[in-house]
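To keep things clear, I will list the structure first and then write my remarks on it.
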Amino acid sequence: MSKALRLSEKWFRRGLWLVAFIFAGFLIGLGGSVVGDLPQVEHQFTLEDFIDKPAATEARAAVKAGQLAERDADTALEQANLKLQVAQSNGAAARETFDNWLATRHATGRSDQDPELLSRTKALDQLKAAERSAQTLIDQQEQIALDARQSVQAAQTRLTALEESAQTGLDQAQRKQELRVFGYRLALTLPLLAIAGWLFVKQRKSTYWPFVWGFIYFALFAFFVELVPYLPSYGGYVRYVVGIVLTVLVGRQAIVGLNRYLEKQKLAEALPDAQRREELSYDVALARLAKSVCPGCERPVDLKNDSIDFCPHCGIGLFDHCAPCHTRKSAFAKFCHACGTSASRPAEPVGT
């Protein structure tokens with residue numbers, strides 16, 4: 001249609017389309033903010049909302065106490081190991097000294113050293129007892145650490161079971177919440193889509209068509225971009241079902257529209273030639289002629305062939321002769337291109 005428009009009108013239309021897109025952009029930004037904030041109307045569930053709080057608190061306290069006990073036992077075990085090492089080192093040194101002294105005692109055979117022998121033997125026994133005491137302390141600390149670890153494991157097992165049970169409840173609540181939020185989005189976008197459909201049917205050629213088209217683009221974006229991605233999945237079934245329903249609805253509407261258009265064209269082709277030309281919009285007729293199609297039936301016609309003056313498909317007149325100058329001209333032109341005579345004057349039929 002752009003070839004049939006005045007130059008200024010073309011630029012004005014381009015500017016108005018720019019207005020439509022800018023208007024749609026601002027509406028999309030506002031709609032995106034509203035849709036993005038819709039989840040805030042719902043409480044944000046966490047695991048703590050579904051867990052058995054008394055049991056969880058007890059389990060967490062047991063885990064913490066067990067970890068503290070295990071840490072204290074590990075510290076005490078390190079100290080006990082250090083004491084054992086010192087006792088073993090002292091015992092080894094004392095035994096080495098005793099063995100050397102005892103070898104000297106046998107070599108000299110001095111009986112006056114018997115009391116010292118007893119004293120040294122007693123000291124060795126005391127060092128051995130210190131080693132055993134240190135080993136006993138290590139065993140005790142290892143048992144305490146083992147008990148603490150087992151206590152932590154048992155408490156952690158109880159806590160894990162509580163969290164798994166709570167996770168099930170959380171998942172169910174979040175799924176229900178997603179459905180509610182999707183319902184909010186659907187309740188917001190469906191009326192917009194319905195209004196856009198009404199505007200497309202009734203107002204798309206009105207004076208304020210840029211705002212109409214801007215709102216239509218916004219409604220389509222809100223539905224297909226801001227709503228469809230939030231469709232609940234359930235393994236993809238919901239998305240596929242929605243896709244099938246939308247495809248059937250759009251396809252059915254397209255089929256009904258095509259049949260309605262074909263019936264309208266058949267009725268139009270049965271009308272007299274002059275009436276058909278009167279009912280055709282001037283701009284539409286020129287746009288179709290620029291595409292080398294018949295303005296009446298929209299079938300291809302070789303307009304460059306000077307011998308073709310009527311559409312071979314529907315019979316509508318495409319060319320006639322100007323009455324004053326007899327120039328062959330388009331039957332849809334408002335003025336003769338050769339002499340400027342108004343097309344409102346009766347034109348001569350082709351061939352006169």
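The chains in the structure tokens are called A, B, ... from first to last as shown; in each chain the residues are counted from 1, and the ligands are counted from 1 in the order shown.
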Practice task
Fewer than 3 positions away in the same chain doesn't count, so skip those; otherwise give me all residues within 12 Å of Ser281 in chain A, counting only C-alpha atoms, as an NGL selection string.
Solution key: :A and (1 or 4 or 275-278 or 284-288 or 295-296 or 332-334)
Exercise for the section: For Leu159 in chain A, please output as a list in words all residues within 9 Å (counting only C-alpha atoms; exclusion window: fewer than 3 positions along the same chain). Expected result: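 Contacts, in chain order: Ala55, Ala56, Thr57, Glu58, Ala59, Arg60, Val63, Ala154, Ala155, Gln156, Leu162, Glu163 and Glu164 of chain A.
For the atom pair formed by CA of Gly29 in chain A and CA of Tyr184 in chain A, the distance is 18.0 Å, given to one decimal.
The residue that comes closest to Thr341 in chain A, out of A:Gly315, A:Gly36, A:Pro191, A:Pro324 and on the basis of only C-alpha atoms, is A:Pro324.
Of the residues listed (A:Ser292, A:Val212, A:Gly31, A:Leu192), A:Ser292 shows the shortest atom-to-atom separation from Asn305 in chain A; distances use only C-alpha atoms.
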Practice task
Enter the distance from CA of Ala134 in chain A to CA of Leu77 in chain A, in Å, rounded to one decimal.
Solution key: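 Separation between CA of Ala134 in chain A and CA of Leu77 in chain A: 10.2 Å.
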Exercise for the section: Mind checking which residues fall within 6 Å of range 16-28 of chain A, counting only C-alpha atoms, ignoring those fewer than 2 positions away in the same chain, and posting them as a list of chain:residue names? Expected result: A:Arg13, A:Arg14, A:Leu30, A:Gly31, A:Gly32, A:Pro210, A:Phe211, A:Gly214, A:Phe215, A:Phe218
Exercise for the section: Would you mind listing what lies within 10 Å of Phe310 in chain A as an MDAnalysis selection string, with only C-alpha atoms counted and same-chain residues fewer than 5 positions away left out? Expected result: chainID A and resid 294 301 303 315:320 331 350
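In this structure, CA of Cys297 in chain A sits 9.6 Å away from CA of Leu262 in chain A.
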Handout entry: Backbone DSSP call of alpha helix (DSSP H) for range 100-283 of chain A, listed as a PyMOL selection string
Key = chain A and resi 100-108+114-202+209-224+237-269+273-279+282-283
Dump as a short mmCIF file (atom, residue, chain, number, x, y, z; two decimals), in the first residue's frame, selection limited to C-alpha atoms:
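What ended up in result36.cif:
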data_model
loop_
_atom_site.label_atom_id
_atom_site.label_comp_id
_atom_site.auth_asym_id
_atom_site.auth_seq_id
_atom_site.Cartn_x
_atom_site.Cartn_y
_atom_site.Cartn_z
CA ASN A 100 74.27 -49.88 81.50
CA TRP A 101 74.42 -49.72 85.30
CA LEU A 102 73.32 -53.35 85.58
CA ALA A 103 76.08 -54.45 83.22
CA THR A 104 78.60 -52.60 85.39
CA ARG A 105 77.12 -54.18 88.53
CA HIS A 106 77.59 -57.69 87.10
CA ALA A 107 81.13 -56.88 86.07
CA THR A 108 82.17 -55.67 89.50
CA ASP A 114 71.96 -54.18 95.90
CA PRO A 115 69.89 -51.39 97.56
CA GLU A 116 70.55 -49.15 94.55
CA LEU A 117 69.46 -51.99 92.27
CA LEU A 118 66.16 -52.13 94.08
CA SER A 119 65.80 -48.36 93.90
CA ARG A 120 66.48 -48.25 90.15
CA THR A 121 64.08 -51.14 89.51
CA LYS A 122 61.36 -49.31 91.48
CA ALA A 123 61.93 -46.15 89.40
CA LEU A 124 61.57 -48.14 86.20
CA ASP A 125 58.32 -49.60 87.47
CA GLN A 126 57.03 -46.11 88.18
CA LEU A 127 57.92 -44.95 84.65
CA LYS A 128 56.19 -48.03 83.23
CA ALA A 129 53.14 -47.22 85.32
CA ALA A 130 53.18 -43.65 83.97
CA GLU A 131 53.21 -45.06 80.41
CA ARG A 132 50.27 -47.31 81.19
CA SER A 133 48.41 -44.38 82.73
CA ALA A 134 49.03 -42.25 79.65
CA GLN A 135 47.86 -45.09 77.38
CA THR A 136 44.73 -45.52 79.51
CA LEU A 137 44.00 -41.79 79.17
CA ILE A 138 44.38 -42.07 75.38
CA ASP A 139 41.97 -45.01 75.28
CA GLN A 140 39.46 -43.02 77.31
CA GLN A 141 39.70 -39.97 75.04
CA GLU A 142 39.38 -42.13 71.94
CA GLN A 143 36.23 -43.70 73.38
CA ILE A 144 34.84 -40.23 74.18
CA ALA A 145 35.62 -39.04 70.64
CA LEU A 146 34.00 -42.16 69.18
CA ASP A 147 30.88 -41.67 71.28
CA ALA A 148 30.73 -38.01 70.20
CA ARG A 149 31.03 -38.93 66.52
CA GLN A 150 28.34 -41.56 66.81
CA SER A 151 26.12 -39.05 68.61
CA VAL A 152 26.66 -36.51 65.84
CA GLN A 153 25.90 -39.12 63.17
CA ALA A 154 22.71 -40.21 64.90
CA ALA A 155 21.53 -36.60 65.38
CA GLN A 156 22.46 -35.76 61.78
CA THR A 157 20.48 -38.78 60.56
CA ARG A 158 17.42 -37.61 62.51
CA LEU A 159 17.85 -34.07 61.18
CA THR A 160 18.24 -35.32 57.59
CA ALA A 161 15.04 -37.35 57.88
CA LEU A 162 13.19 -34.29 59.21
CA GLU A 163 14.56 -32.12 56.39
CA GLU A 164 13.60 -34.67 53.72
CA SER A 165 10.07 -34.82 55.09
CA ALA A 166 9.94 -31.02 55.19
CA GLN A 167 11.31 -30.81 51.63
CA THR A 168 8.36 -32.85 50.40
CA GLY A 169 5.95 -30.40 51.98
CA LEU A 170 7.95 -27.46 50.66
CA ASP A 171 7.86 -28.84 47.11
CA GLN A 172 4.11 -29.34 47.26
CA ALA A 173 3.54 -25.84 48.64
CA GLN A 174 5.78 -24.29 46.01
CA ARG A 175 3.94 -26.11 43.22
CA LYS A 176 0.62 -24.83 44.53
CA GLN A 177 2.09 -21.37 44.86
CA GLU A 178 3.38 -21.50 41.28
CA LEU A 179 -0.11 -22.39 40.10
CA ARG A 180 -1.62 -19.50 42.06
CA VAL A 181 0.93 -17.04 40.72
CA PHE A 182 0.35 -18.39 37.21
CA GLY A 183 -3.38 -17.85 37.80
CA TYR A 184 -2.65 -14.24 38.77
CA ARG A 185 -0.62 -13.77 35.59
CA LEU A 186 -3.32 -15.46 33.51
CA ALA A 187 -6.03 -13.29 35.07
CA LEU A 188 -3.93 -10.25 34.16
CA THR A 189 -2.97 -11.21 30.60
CA LEU A 190 -6.16 -12.84 29.30
CA PRO A 191 -8.25 -9.63 29.58
CA LEU A 192 -5.42 -7.76 27.84
CA LEU A 193 -5.46 -10.33 25.05
CA ALA A 194 -9.26 -10.09 24.75
CA ILE A 195 -9.11 -6.29 24.60
CA ALA A 196 -6.35 -6.54 21.99
CA GLY A 197 -8.51 -8.88 19.90
CA TRP A 198 -11.45 -6.48 20.07
CA LEU A 199 -9.20 -3.55 19.14
CA PHE A 200 -7.76 -5.50 16.21
CA VAL A 201 -11.23 -6.28 14.87
CA LYS A 202 -12.89 -2.92 15.51
CA TRP A 209 -4.49 3.26 15.27
CA PRO A 210 -0.87 3.70 16.54
CA PHE A 211 -2.06 3.31 20.12
CA VAL A 212 -4.30 0.41 19.09
CA TRP A 213 -1.40 -1.46 17.48
CA GLY A 214 0.91 -0.56 20.36
CA PHE A 215 -1.56 -2.12 22.80
CA ILE A 216 -1.96 -5.18 20.54
CA TYR A 217 1.82 -5.75 20.48
CA PHE A 218 1.95 -5.30 24.22
CA ALA A 219 -0.85 -7.83 24.82
CA LEU A 220 0.80 -10.39 22.53
CA PHE A 221 4.15 -9.90 24.25
CA ALA A 222 2.55 -10.17 27.68
CA PHE A 223 0.87 -13.45 26.78
CA PHE A 224 3.51 -15.25 24.73
CA TYR A 237 2.32 -32.21 29.48
CA VAL A 238 0.82 -28.83 30.35
CA ARG A 239 3.04 -26.98 27.86
CA TYR A 240 2.26 -29.43 25.06
CA VAL A 241 -1.48 -29.37 25.80
CA VAL A 242 -1.51 -25.56 25.86
CA GLY A 243 0.47 -25.49 22.62
CA ILE A 244 -2.00 -27.90 21.00
CA VAL A 245 -5.01 -25.88 22.18
CA LEU A 246 -3.52 -22.60 20.97
CA THR A 247 -2.58 -24.14 17.63
CA VAL A 248 -6.08 -25.57 17.15
CA LEU A 249 -7.74 -22.25 18.07
CA VAL A 250 -5.48 -20.18 15.81
CA GLY A 251 -5.69 -22.74 13.00
CA ARG A 252 -9.47 -22.94 13.23
CA GLN A 253 -9.75 -19.16 13.18
CA ALA A 254 -7.45 -19.03 10.15
CA ILE A 255 -9.51 -21.66 8.33
CA VAL A 256 -12.79 -19.87 9.15
CA GLY A 257 -11.28 -16.56 8.06
CA LEU A 258 -10.05 -18.05 4.79
CA ASN A 259 -13.43 -19.59 4.01
CA ARG A 260 -15.18 -16.34 4.88
CA TYR A 261 -12.79 -14.43 2.65
CA LEU A 262 -13.33 -16.84 -0.26
CA GLU A 263 -17.12 -16.57 0.11
CA LYS A 264 -16.84 -12.79 0.20
CA GLN A 265 -14.70 -12.83 -2.93
CA LYS A 266 -17.19 -15.06 -4.76
CA LEU A 267 -20.03 -12.68 -3.87
CA ALA A 268 -17.95 -9.67 -4.89
CA GLU A 269 -17.03 -11.23 -8.24
CA ASP A 273 -18.06 -4.22 -12.70
CA ALA A 274 -18.77 -0.59 -11.77
CA GLN A 275 -20.07 -1.51 -8.31
CA ARG A 276 -17.01 -3.64 -7.60
CA ARG A 277 -14.68 -0.76 -8.46
CA GLU A 278 -16.66 1.62 -6.26
CA GLU A 279 -16.42 -0.73 -3.28
CA TYR A 282 -8.43 3.57 -4.00
CA ASP A 283 -5.23 2.95 -2.02
#
